[in-house]
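Asker: So here's work.txt (compact mmCIF, C-alpha atoms and all ligand atoms).
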```txt
# COMPACT_ATOMS: atom_id res chain seq x y z
CA MET A 15 0.00 0.00 0.00
CA GLU A 16 1.52 3.29 -1.08
CA VAL A 17 0.44 6.36 0.89
CA VAL A 18 0.92 9.84 -0.60
CA ILE A 19 0.25 12.89 1.58
CA ASP A 20 -0.04 16.13 -0.35
CA ARG A 21 -2.33 19.01 -1.34
CA SER A 22 -5.63 17.98 -2.90
CA GLU A 23 -4.80 19.52 -6.33
CA THR A 24 -1.55 17.57 -6.50
CA LEU A 25 -3.34 14.35 -5.53
CA ALA A 26 -6.02 14.86 -8.19
CA ALA A 27 -3.26 15.33 -10.78
CA LEU A 28 -1.51 12.15 -9.59
CA ALA A 29 -4.70 10.11 -9.93
CA ALA A 30 -5.26 11.63 -13.39
CA ASP A 31 -1.64 10.73 -14.30
CA ALA A 32 -2.30 7.09 -13.41
CA ILE A 33 -5.46 7.06 -15.54
CA GLU A 34 -3.73 8.86 -18.42
CA ALA A 35 -0.85 6.37 -18.37
CA LEU A 36 -3.34 3.49 -18.45
CA VAL A 37 -5.58 4.76 -21.27
CA THR A 38 -2.55 5.78 -23.31
CA ARG A 39 -1.12 2.29 -22.93
CA ARG A 40 -4.46 0.55 -23.52
CA SER A 41 -7.09 2.50 -25.43
CA ASP A 42 -9.75 -0.05 -24.36
CA ALA A 43 -8.89 0.14 -20.66
CA VAL A 44 -11.60 -0.59 -18.09
CA LEU A 45 -12.03 2.09 -15.44
CA GLY A 46 -13.87 1.73 -12.15
CA LEU A 47 -15.62 5.00 -11.42
CA ALA A 48 -16.57 6.29 -7.97
CA THR A 49 -19.05 9.02 -7.14
CA GLY A 50 -19.19 11.24 -4.06
CA SER A 51 -17.51 14.63 -3.88
CA THR A 52 -13.90 13.45 -3.53
CA PRO A 53 -13.21 12.20 -7.08
CA SER A 54 -14.65 15.36 -8.72
CA ALA A 55 -11.27 17.08 -8.91
CA VAL A 56 -9.80 14.03 -10.66
CA TYR A 57 -12.65 14.05 -13.19
CA ASP A 58 -12.21 17.80 -13.78
CA GLU A 59 -8.52 17.20 -14.46
CA LEU A 60 -9.31 14.39 -16.94
CA VAL A 61 -11.80 16.67 -18.70
CA ARG A 62 -9.14 19.40 -18.90
CA ARG A 63 -6.60 16.97 -20.38
CA HIS A 64 -9.20 15.78 -22.88
CA ALA A 65 -10.09 19.34 -23.94
CA GLU A 66 -6.61 20.85 -23.94
CA GLU A 67 -4.31 17.93 -24.64
CA GLY A 68 -6.50 15.59 -26.67
CA LEU A 69 -6.49 12.73 -24.17
CA SER A 70 -9.06 10.33 -25.59
CA PHE A 71 -11.44 7.98 -23.82
CA ALA A 72 -13.26 6.86 -26.97
CA GLY A 73 -12.43 3.17 -26.49
CA VAL A 74 -12.52 3.11 -22.69
CA ARG A 75 -15.20 1.25 -20.73
CA GLY A 76 -16.38 2.22 -17.25
CA PHE A 77 -18.17 0.58 -14.34
CA LEU A 78 -19.76 2.40 -11.42
CA LEU A 79 -19.19 1.21 -7.89
CA ASP A 80 -22.71 1.51 -6.62
CA GLU A 81 -26.22 2.91 -7.05
CA TYR A 82 -29.22 3.86 -4.94
CA VAL A 83 -32.24 1.59 -5.14
CA GLY A 84 -35.52 3.05 -6.31
CA LEU A 85 -34.58 6.50 -7.57
CA PRO A 86 -36.43 7.29 -10.82
CA GLU A 87 -34.46 7.28 -14.08
CA GLY A 88 -32.58 10.55 -14.53
CA HIS A 89 -32.88 11.54 -10.86
CA PRO A 90 -30.11 14.15 -10.39
CA GLU A 91 -28.56 12.21 -7.50
CA ALA A 92 -28.74 8.74 -9.04
CA TYR A 93 -25.08 7.82 -9.46
CA ARG A 94 -25.63 6.98 -13.15
CA THR A 95 -26.84 10.57 -13.67
CA VAL A 96 -24.06 12.04 -11.54
CA ILE A 97 -21.28 10.29 -13.48
CA GLU A 98 -22.90 11.24 -16.80
CA ARG A 99 -23.03 14.89 -15.72
CA GLU A 100 -19.62 15.10 -14.05
CA LEU A 101 -17.55 13.00 -16.41
CA VAL A 102 -18.98 11.05 -19.32
CA SER A 103 -20.78 13.93 -21.08
CA ARG A 104 -17.60 16.04 -20.88
CA LEU A 105 -15.36 13.45 -22.53
CA ASP A 106 -15.45 11.50 -25.81
CA LEU A 107 -16.53 8.49 -23.75
CA PRO A 108 -19.75 6.99 -25.20
CA THR A 109 -22.60 6.88 -22.67
CA GLU A 110 -23.24 3.21 -23.45
CA SER A 111 -19.64 2.32 -22.55
CA VAL A 112 -20.35 3.09 -18.90
CA LEU A 113 -22.48 0.75 -16.81
CA GLY A 114 -23.76 0.89 -13.26
CA PRO A 115 -25.78 -1.52 -11.14
CA ASP A 116 -29.47 -1.11 -12.04
CA GLY A 117 -31.16 0.19 -8.90
CA ARG A 118 -34.54 0.26 -10.68
CA ALA A 119 -34.53 -3.40 -11.72
CA GLU A 120 -37.55 -5.46 -10.75
CA ASP A 121 -35.24 -8.35 -9.87
CA LEU A 122 -32.42 -6.68 -7.94
CA ALA A 123 -30.58 -9.93 -7.22
CA ALA A 124 -30.49 -10.75 -10.94
CA ALA A 125 -29.28 -7.22 -11.69
CA CYS A 126 -26.37 -7.77 -9.27
CA THR A 127 -25.40 -11.11 -10.83
CA GLY A 128 -25.66 -9.57 -14.30
CA TYR A 129 -23.44 -6.70 -13.23
CA GLU A 130 -20.72 -9.05 -11.99
CA GLN A 131 -20.93 -10.88 -15.33
CA ALA A 132 -20.64 -7.62 -17.29
CA ILE A 133 -17.45 -6.72 -15.40
CA ALA A 134 -16.04 -10.19 -16.04
CA ASP A 135 -16.99 -10.01 -19.74
CA ALA A 136 -15.09 -6.73 -20.03
CA GLY A 137 -12.00 -8.52 -18.73
CA GLY A 138 -12.14 -7.03 -15.22
CA ILE A 139 -11.37 -3.54 -14.00
CA ASP A 140 -7.88 -2.18 -14.67
CA LEU A 141 -7.97 0.83 -12.37
CA GLN A 142 -10.60 1.50 -9.71
CA ILE A 143 -11.03 4.98 -8.27
CA LEU A 144 -12.30 4.88 -4.68
CA GLY A 145 -13.38 7.26 -1.96
CA ILE A 146 -14.02 6.31 1.65
CA GLY A 147 -16.90 7.01 4.01
CA THR A 148 -16.39 8.41 7.50
CA ASP A 149 -17.29 4.96 8.88
CA GLY A 150 -14.70 3.27 6.66
CA HIS A 151 -17.08 2.10 3.94
CA VAL A 152 -15.89 1.76 0.35
CA ALA A 153 -18.51 1.92 -2.37
CA PHE A 154 -21.53 1.18 -0.12
CA ASN A 155 -19.97 -1.69 1.83
CA GLU A 156 -20.99 -0.63 5.28
CA PRO A 157 -19.42 -1.91 8.53
CA GLY A 158 -20.20 -5.60 8.92
CA SER A 159 -19.95 -6.27 5.18
CA SER A 160 -18.44 -9.58 4.18
CA LEU A 161 -14.85 -9.00 3.20
CA ALA A 162 -15.40 -11.42 0.29
CA SER A 163 -18.75 -9.96 -0.85
CA ARG A 164 -19.79 -9.51 -4.48
CA THR A 165 -22.31 -7.05 -5.95
CA ARG A 166 -25.49 -7.15 -3.87
CA ILE A 167 -28.15 -5.09 -2.11
CA LYS A 168 -27.16 -3.32 1.12
CA THR A 169 -28.91 -1.18 3.72
CA LEU A 170 -27.24 2.15 4.46
CA THR A 171 -26.32 3.09 8.01
CA GLU A 172 -27.87 6.15 9.61
CA GLN A 173 -24.41 7.77 9.52
CA THR A 174 -24.04 7.33 5.74
CA ARG A 175 -27.55 8.60 5.10
CA ARG A 176 -26.76 11.66 7.22
CA ASP A 177 -23.44 12.15 5.38
CA ASN A 178 -25.18 11.93 1.99
CA ALA A 179 -28.21 14.07 2.94
CA ARG A 180 -26.30 17.09 1.61
CA PHE A 181 -27.06 15.81 -1.90
CA PHE A 182 -30.79 15.54 -1.05
CA ASP A 183 -31.51 19.07 0.25
CA ASP A 184 -30.28 18.02 3.70
CA GLU A 185 -33.24 15.67 4.10
CA VAL A 186 -32.01 12.41 5.60
CA ASP A 187 -35.34 10.75 4.80
CA ALA A 188 -34.90 11.55 1.11
CA VAL A 189 -31.71 9.43 0.99
CA PRO A 190 -32.72 5.94 -0.12
CA GLN A 191 -32.25 3.31 2.55
CA HIS A 192 -31.17 0.61 0.10
CA VAL A 193 -28.40 0.50 -2.48
CA LEU A 194 -26.72 -1.90 -4.88
CA THR A 195 -22.97 -2.00 -4.45
CA GLN A 196 -19.98 -3.82 -5.79
CA GLY A 197 -18.80 -6.07 -2.98
CA LEU A 198 -15.43 -5.90 -1.32
CA GLY A 199 -14.47 -9.06 -3.23
CA THR A 200 -15.47 -7.35 -6.49
CA ILE A 201 -13.38 -4.29 -5.67
CA MET A 202 -10.43 -6.45 -4.64
CA ALA A 203 -10.44 -8.06 -8.10
CA ALA A 204 -9.56 -4.75 -9.78
CA ARG A 205 -5.91 -4.61 -10.81
CA HIS A 206 -5.03 -1.21 -9.31
CA LEU A 207 -6.96 0.60 -6.57
CA VAL A 208 -6.56 4.37 -6.22
CA LEU A 209 -8.29 5.66 -3.08
CA LEU A 210 -8.63 9.38 -2.36
CA ALA A 211 -9.61 10.96 0.96
CA MET A 212 -9.64 14.62 1.94
CA GLY A 213 -10.26 16.40 5.22
CA ARG A 214 -10.21 15.63 8.93
CA SER A 215 -13.61 13.93 8.86
CA LYS A 216 -11.88 11.04 7.06
CA ALA A 217 -8.84 10.88 9.38
CA GLU A 218 -10.03 7.98 11.55
CA ALA A 219 -11.21 5.95 8.54
CA VAL A 220 -7.86 6.54 6.79
CA HIS A 221 -5.94 5.55 9.91
CA GLN A 222 -7.93 2.31 10.12
CA LEU A 223 -7.60 1.66 6.38
CA VAL A 224 -3.81 1.96 6.41
CA GLU A 225 -2.82 1.00 9.94
CA GLY A 226 -5.74 -0.76 11.61
CA PRO A 227 -6.36 -4.48 11.95
CA ILE A 228 -8.32 -6.00 9.06
CA SER A 229 -11.91 -6.09 10.18
CA ALA A 230 -15.41 -6.01 8.71
CA MET A 231 -16.06 -3.18 11.19
CA TRP A 232 -13.80 -1.00 9.00
CA PRO A 233 -14.52 -2.48 5.55
CA ALA A 234 -11.78 -0.51 3.77
CA THR A 235 -9.14 -2.39 5.78
CA ILE A 236 -9.47 -5.33 3.36
CA LEU A 237 -7.47 -3.20 0.91
CA GLN A 238 -4.39 -4.10 2.95
CA MET A 239 -4.62 -7.51 1.25
CA HIS A 240 -4.44 -6.03 -2.28
CA PRO A 241 -1.05 -6.03 -4.00
CA HIS A 242 -1.44 -2.64 -5.72
CA VAL A 243 -3.16 0.12 -3.76
CA THR A 244 -2.41 3.84 -3.90
CA VAL A 245 -3.84 5.94 -1.05
CA LEU A 246 -3.90 9.67 -1.83
CA VAL A 247 -4.66 11.83 1.24
CA ASP A 248 -4.39 15.48 2.17
CA GLY A 249 -2.98 16.71 5.50
CA GLY A 250 -6.37 16.60 7.24
CA ALA A 251 -7.17 13.03 6.19
CA ALA A 252 -3.59 12.02 7.12
CA SER A 253 -3.73 13.66 10.55
CA ARG A 254 -4.18 10.41 12.48
CA LEU A 255 -1.62 8.34 10.61
CA GLN A 256 1.01 7.02 13.00
CA LEU A 257 3.65 6.54 10.33
CA ALA A 258 2.98 9.77 8.39
CA ALA A 259 6.66 10.83 8.49
CA TYR A 260 7.70 7.50 6.99
CA TYR A 261 5.10 7.71 4.21
CA ARG A 262 6.27 11.23 3.33
CA GLU A 263 9.92 10.18 3.26
CA THR A 264 9.12 7.11 1.15
CA TRP A 265 7.25 9.23 -1.37
CA GLN A 266 9.97 11.88 -1.55
CA SER A 267 12.67 9.30 -2.18
CA LYS A 268 10.66 7.26 -4.67
CA PRO A 269 12.75 6.39 -7.73
CA ASP A 270 11.61 7.98 -11.02
CA TRP A 271 11.35 4.59 -12.71
CA GLN A 272 8.76 3.33 -10.24
CA PRO A 273 5.24 4.19 -11.40
CA LEU A 274 2.31 4.92 -9.09
N1 LIG B 1 -21.03 5.47 -2.14
C1 LIG B 1 -20.22 6.62 -1.94
C2 LIG B 1 -18.78 6.19 -1.78
O1 LIG B 1 -18.33 5.60 -3.00
C3 LIG B 1 -17.93 7.39 -1.40
O2 LIG B 1 -16.58 7.00 -1.32
C4 LIG B 1 -18.39 7.96 -0.09
C5 LIG B 1 -17.59 9.18 0.35
O3 LIG B 1 -18.07 10.29 -0.34
P1 LIG B 1 -17.39 11.72 -0.40
O4 LIG B 1 -16.26 11.58 -1.37
O5 LIG B 1 -18.45 12.62 -0.91
O6 LIG B 1 -16.94 12.04 0.97
O7 LIG B 1 -19.73 8.34 -0.23
C6 LIG B 1 -20.68 7.48 -0.78
O8 LIG B 1 -21.26 6.79 0.26
```
Go ahead and express the file in the form of structure tokens.
Answerer:
Amino acid sequence: MEVVIDRSETLAALAADAIEALVTRRSDAVLGLATGSTPSAVYDELVRRHAEEGLSFAGVRGFLLDEYVGLPEGHPEAYRTVIERELVSRLDLPTESVLGPDGRAEDLAAACTGYEQAIADAGGIDLQILGIGTDGHVAFNEPGSSLASRTRIKTLTEQTRRDNARFFDDEVDAVPQHVLTQGLGTIMAARHLVLLAMGRSKAEAVHQLVEGPISAMWPATILQMHPHVTVLVDGGAASRLQLAAYYRETWQSKPDWQPL
């Protein structure tokens, strides 16, 4: 697990560098896309590189991490709508090349199985962008999630619904109670995980993720078992890391030939 502590703009550029290197190497790369406010700066940077430097996503495919259950099609806070608005519509990435779990399906279990199959058919995810919840969830794998889980329906905690109420006019009751989410096992199958976290509200979750014991109580801790994880955190999110000085030194002395 590589931990980089820096300013948020620098971290967004680093994440964009990793994506640029991938899509330049493989024009049909498969990206795992996260929603939430944290990845927005990365997406803005990709859009800038597309507009100003001609970085193309025409052959890329994308998979969303998760989706609310029951929001009507086109709801502004449905993750499929959010990713279309924030990223897909601003790139040369065809809308149909990006899939998300179908939170409006009549048979939700079948939608989850079908989603796992679609990821497998695409050859798996090359690079997965991740955020982290204040309770240590990744995607919508709340505390108590099976560390080997696959895409399935989950119930949100009160904490997550409160955290996400800001997207629903601050009405906690407007945040759906149920979601479909890639499981921790699904996420662990991606070849490179790039997790971003900003601000002090994430400090405890980041400490657990990097330095805590692996536990379903802090679902993100399973990432410690992945061979290629990059954790990009600002000073606030890094404020509880016990080995922060070591991570900084490691990053500063990283050889040029070693990619992210
Ligand atoms: N399902 C999403 C997660 O994928 C995201 O990582 C988390 C943190 O969001 P933010 O980046 O807005 O803090 O929120 C939501 O619950």
Asker: Please compute the atom CA of A:Leu105-atom CA of A:Glu67 distance, one decimal, in Å.
Answerer: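 Computing it gives 12.1 Å between the two atoms.
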Asker: How far is it from atom CA of A:Tyr260 to atom CA of A:Asp20, in Å with one decimal?
Answerer: 13.7 Å
Asker: In Å to one decimal, how far is atom CA of A:Thr171 from atom CA of A:Thr148?
Answerer: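 Interatomic distance here is 11.3 Å.
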Asker: Would you kindly return, as a list in words, each protein, DNA or RNA residue with an atom no farther than 12 Å from any atom of A:Arg39, considering only C-alpha atoms and excluding same-chain residues fewer than 5 positions away?
Answerer: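 Non-adjacent residues within range: Ala32, Ile33, Glu34, Val44, Leu69, Ser70, Phe71, Gly73, Val74 and Asp140 of chain A.
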Asker: Would you mind telling me which residue in A:Thr109, A:Thr38, A:Ser253, A:Gln222 lies nearest to A:Ile146 when using only C-alpha atoms?
Answerer: A:Gln222
Asker: Chain A near ligand LIG 1 (chain B) within 10 Å: what's each residue's closest atom pair and its distance in Å to one decimal, counting only C-alpha atoms and all ligand atoms, ordered by chain then ascending residue number, as a Markdown table?
Answerer:
```
| residue | atom | partner | partner_atom | distance |
| --- | --- | --- | --- | --- |
| A:Leu47 | CA | B:LIG1 | O1 | 8.9 |
| A:Ala48 | CA | B:LIG1 | O1 | 5.3 |
| A:Thr49 | CA | B:LIG1 | O1 | 5.4 |
| A:Gly50 | CA | B:LIG1 | O5 | 3.5 |
| A:Ser51 | CA | B:LIG1 | O5 | 3.7 |
| A:Thr52 | CA | B:LIG1 | O4 | 3.7 |
| A:Pro53 | CA | B:LIG1 | O4 | 6.5 |
| A:Ser54 | CA | B:LIG1 | O4 | 8.4 |
| A:Leu78 | CA | B:LIG1 | O1 | 9.1 |
| A:Leu79 | CA | B:LIG1 | O1 | 6.6 |
| A:Asp80 | CA | B:LIG1 | N1 | 6.2 |
| A:Glu81 | CA | B:LIG1 | N1 | 7.6 |
| A:Tyr82 | CA | B:LIG1 | N1 | 8.8 |
| A:Tyr93 | CA | B:LIG1 | N1 | 8.7 |
| A:Ile143 | CA | B:LIG1 | O1 | 9.0 |
| A:Leu144 | CA | B:LIG1 | O2 | 5.8 |
| A:Gly145 | CA | B:LIG1 | O2 | 3.3 |
| A:Ile146 | CA | B:LIG1 | O2 | 4.0 |
| A:Gly147 | CA | B:LIG1 | C5 | 4.3 |
| A:Thr148 | CA | B:LIG1 | C5 | 7.3 |
| A:Asp149 | CA | B:LIG1 | C5 | 9.5 |
| A:Gly150 | CA | B:LIG1 | O2 | 9.0 |
| A:His151 | CA | B:LIG1 | O2 | 7.2 |
| A:Val152 | CA | B:LIG1 | O2 | 5.5 |
| A:Ala153 | CA | B:LIG1 | O1 | 3.7 |
| A:Phe154 | CA | B:LIG1 | N1 | 4.8 |
| A:Asn155 | CA | B:LIG1 | N1 | 8.3 |
| A:Glu156 | CA | B:LIG1 | O8 | 9.0 |
| A:Leu170 | CA | B:LIG1 | O8 | 8.7 |
| A:Thr171 | CA | B:LIG1 | O8 | 10.0 |
| A:Gln173 | CA | B:LIG1 | O8 | 9.8 |
| A:Thr174 | CA | B:LIG1 | O8 | 6.2 |
| A:Arg175 | CA | B:LIG1 | O8 | 8.1 |
| A:Asp177 | CA | B:LIG1 | O8 | 7.7 |
| A:Asn178 | CA | B:LIG1 | O8 | 6.7 |
| A:Arg180 | CA | B:LIG1 | O5 | 9.4 |
| A:Phe181 | CA | B:LIG1 | O5 | 9.2 |
| A:Val193 | CA | B:LIG1 | N1 | 8.9 |
| A:Leu194 | CA | B:LIG1 | N1 | 9.7 |
| A:Thr195 | CA | B:LIG1 | N1 | 8.1 |
| A:Gln196 | CA | B:LIG1 | O1 | 10.0 |
| A:Leu209 | CA | B:LIG1 | O2 | 8.6 |
| A:Leu210 | CA | B:LIG1 | O4 | 8.0 |
| A:Ala211 | CA | B:LIG1 | O4 | 7.1 |
| A:Met212 | CA | B:LIG1 | O6 | 7.8 |
| A:Gly213 | CA | B:LIG1 | O6 | 9.0 |
| A:Ser215 | CA | B:LIG1 | O6 | 8.8 |
| A:Lys216 | CA | B:LIG1 | O6 | 8.0 |
```
Asker: Please determine, counting all atoms listed in the file, which residue among A:Arg254, A:His206, A:Arg21, A:His192 has the shortest atom-to-atom distance to A:His221.
Answerer: A:Arg254
Asker: Restricting the calculation to all atoms listed in the file: of A:Lys268, A:Arg205, A:Arg262, A:Arg118, which residue gets closest to A:Gly84?
Answerer: A:Arg118
Asker: Draw an axis-aligned box over all listed atoms of stretch 135-146 of chain A, pad each side with 5 Å, and write its centre and edge lengths in Å, one decimal, as AutoDock Vina command-line options.
Answerer:
```
--center_x -12.4 --center_y -1.4 --center_z -9.2 --size_x 19.1 --size_y 27.3 --size_z 31.7
```
Asker: Calculated over all atoms listed in the file, which of the candidates A:Gly138, A:Asp31, A:Ala72, A:Glu172 has the smallest distance to A:Glu110?
Answerer: A:Ala72
Asker: Got a sec: who's within 9 Å of stretch 122-126 of chain A, counting all atoms listed in the file, leaving out chain neighbours fewer than 3 positions off, as a PyMOL selection string?
Answerer: chain A and resi 83+115-119+129-131+164-167+194-196
Asker: Mind dumping the selected residues with C-alpha atoms as a compact mmCIF listing (two decimals), keeping the file's coordinate frame?
Answerer:
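New file again_15.txt:
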```txt
# COMPACT_ATOMS: atom_id res chain seq x y z
CA VAL A 83 -32.24 1.59 -5.14
CA PRO A 115 -25.78 -1.52 -11.14
CA ASP A 116 -29.47 -1.11 -12.04
CA GLY A 117 -31.16 0.19 -8.90
CA ARG A 118 -34.54 0.26 -10.68
CA ALA A 119 -34.53 -3.40 -11.72
CA TYR A 129 -23.44 -6.70 -13.23
CA GLU A 130 -20.72 -9.05 -11.99
CA GLN A 131 -20.93 -10.88 -15.33
CA ARG A 164 -19.79 -9.51 -4.48
CA THR A 165 -22.31 -7.05 -5.95
CA ARG A 166 -25.49 -7.15 -3.87
CA ILE A 167 -28.15 -5.09 -2.11
CA LEU A 194 -26.72 -1.90 -4.88
CA THR A 195 -22.97 -2.00 -4.45
CA GLN A 196 -19.98 -3.82 -5.79
```
Asker: Please list as a VMD selection string every residue within 12 Å of A:Phe182, counting only C-alpha atoms and excluding residues in the same chain fewer than 5 positions away.
Answerer: chain A and resid 85 89 to 92 175 to 177 187 to 190
Asker: Just checking: using all atoms listed in the file, which residue out of A:Ala26, A:Val247, A:Leu257, A:Ala203 ends up closest to A:Ala162?
Answerer: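 Of the candidates, the smallest distance to A:Ala162 is held by A:Ala203.
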Asker: Which of these, A:Leu45, A:Val96, A:Leu161, A:Ala55, has the shortest distance to A:Glu23 once you count only C-alpha atoms?
Answerer: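 Between A:Leu45, A:Val96, A:Leu161, A:Ala55, the residue approaching A:Glu23 most closely is A:Ala55.
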Asker: Quick one: everything within 10 Å of A:Ile133, counting all atoms listed in the file, minus sequence neighbours fewer than 5 positions away in the same chain. Send it as a PyMOL selection string.
Answerer: chain A and resi 44+46+75-77+113+128+138-139+200+204
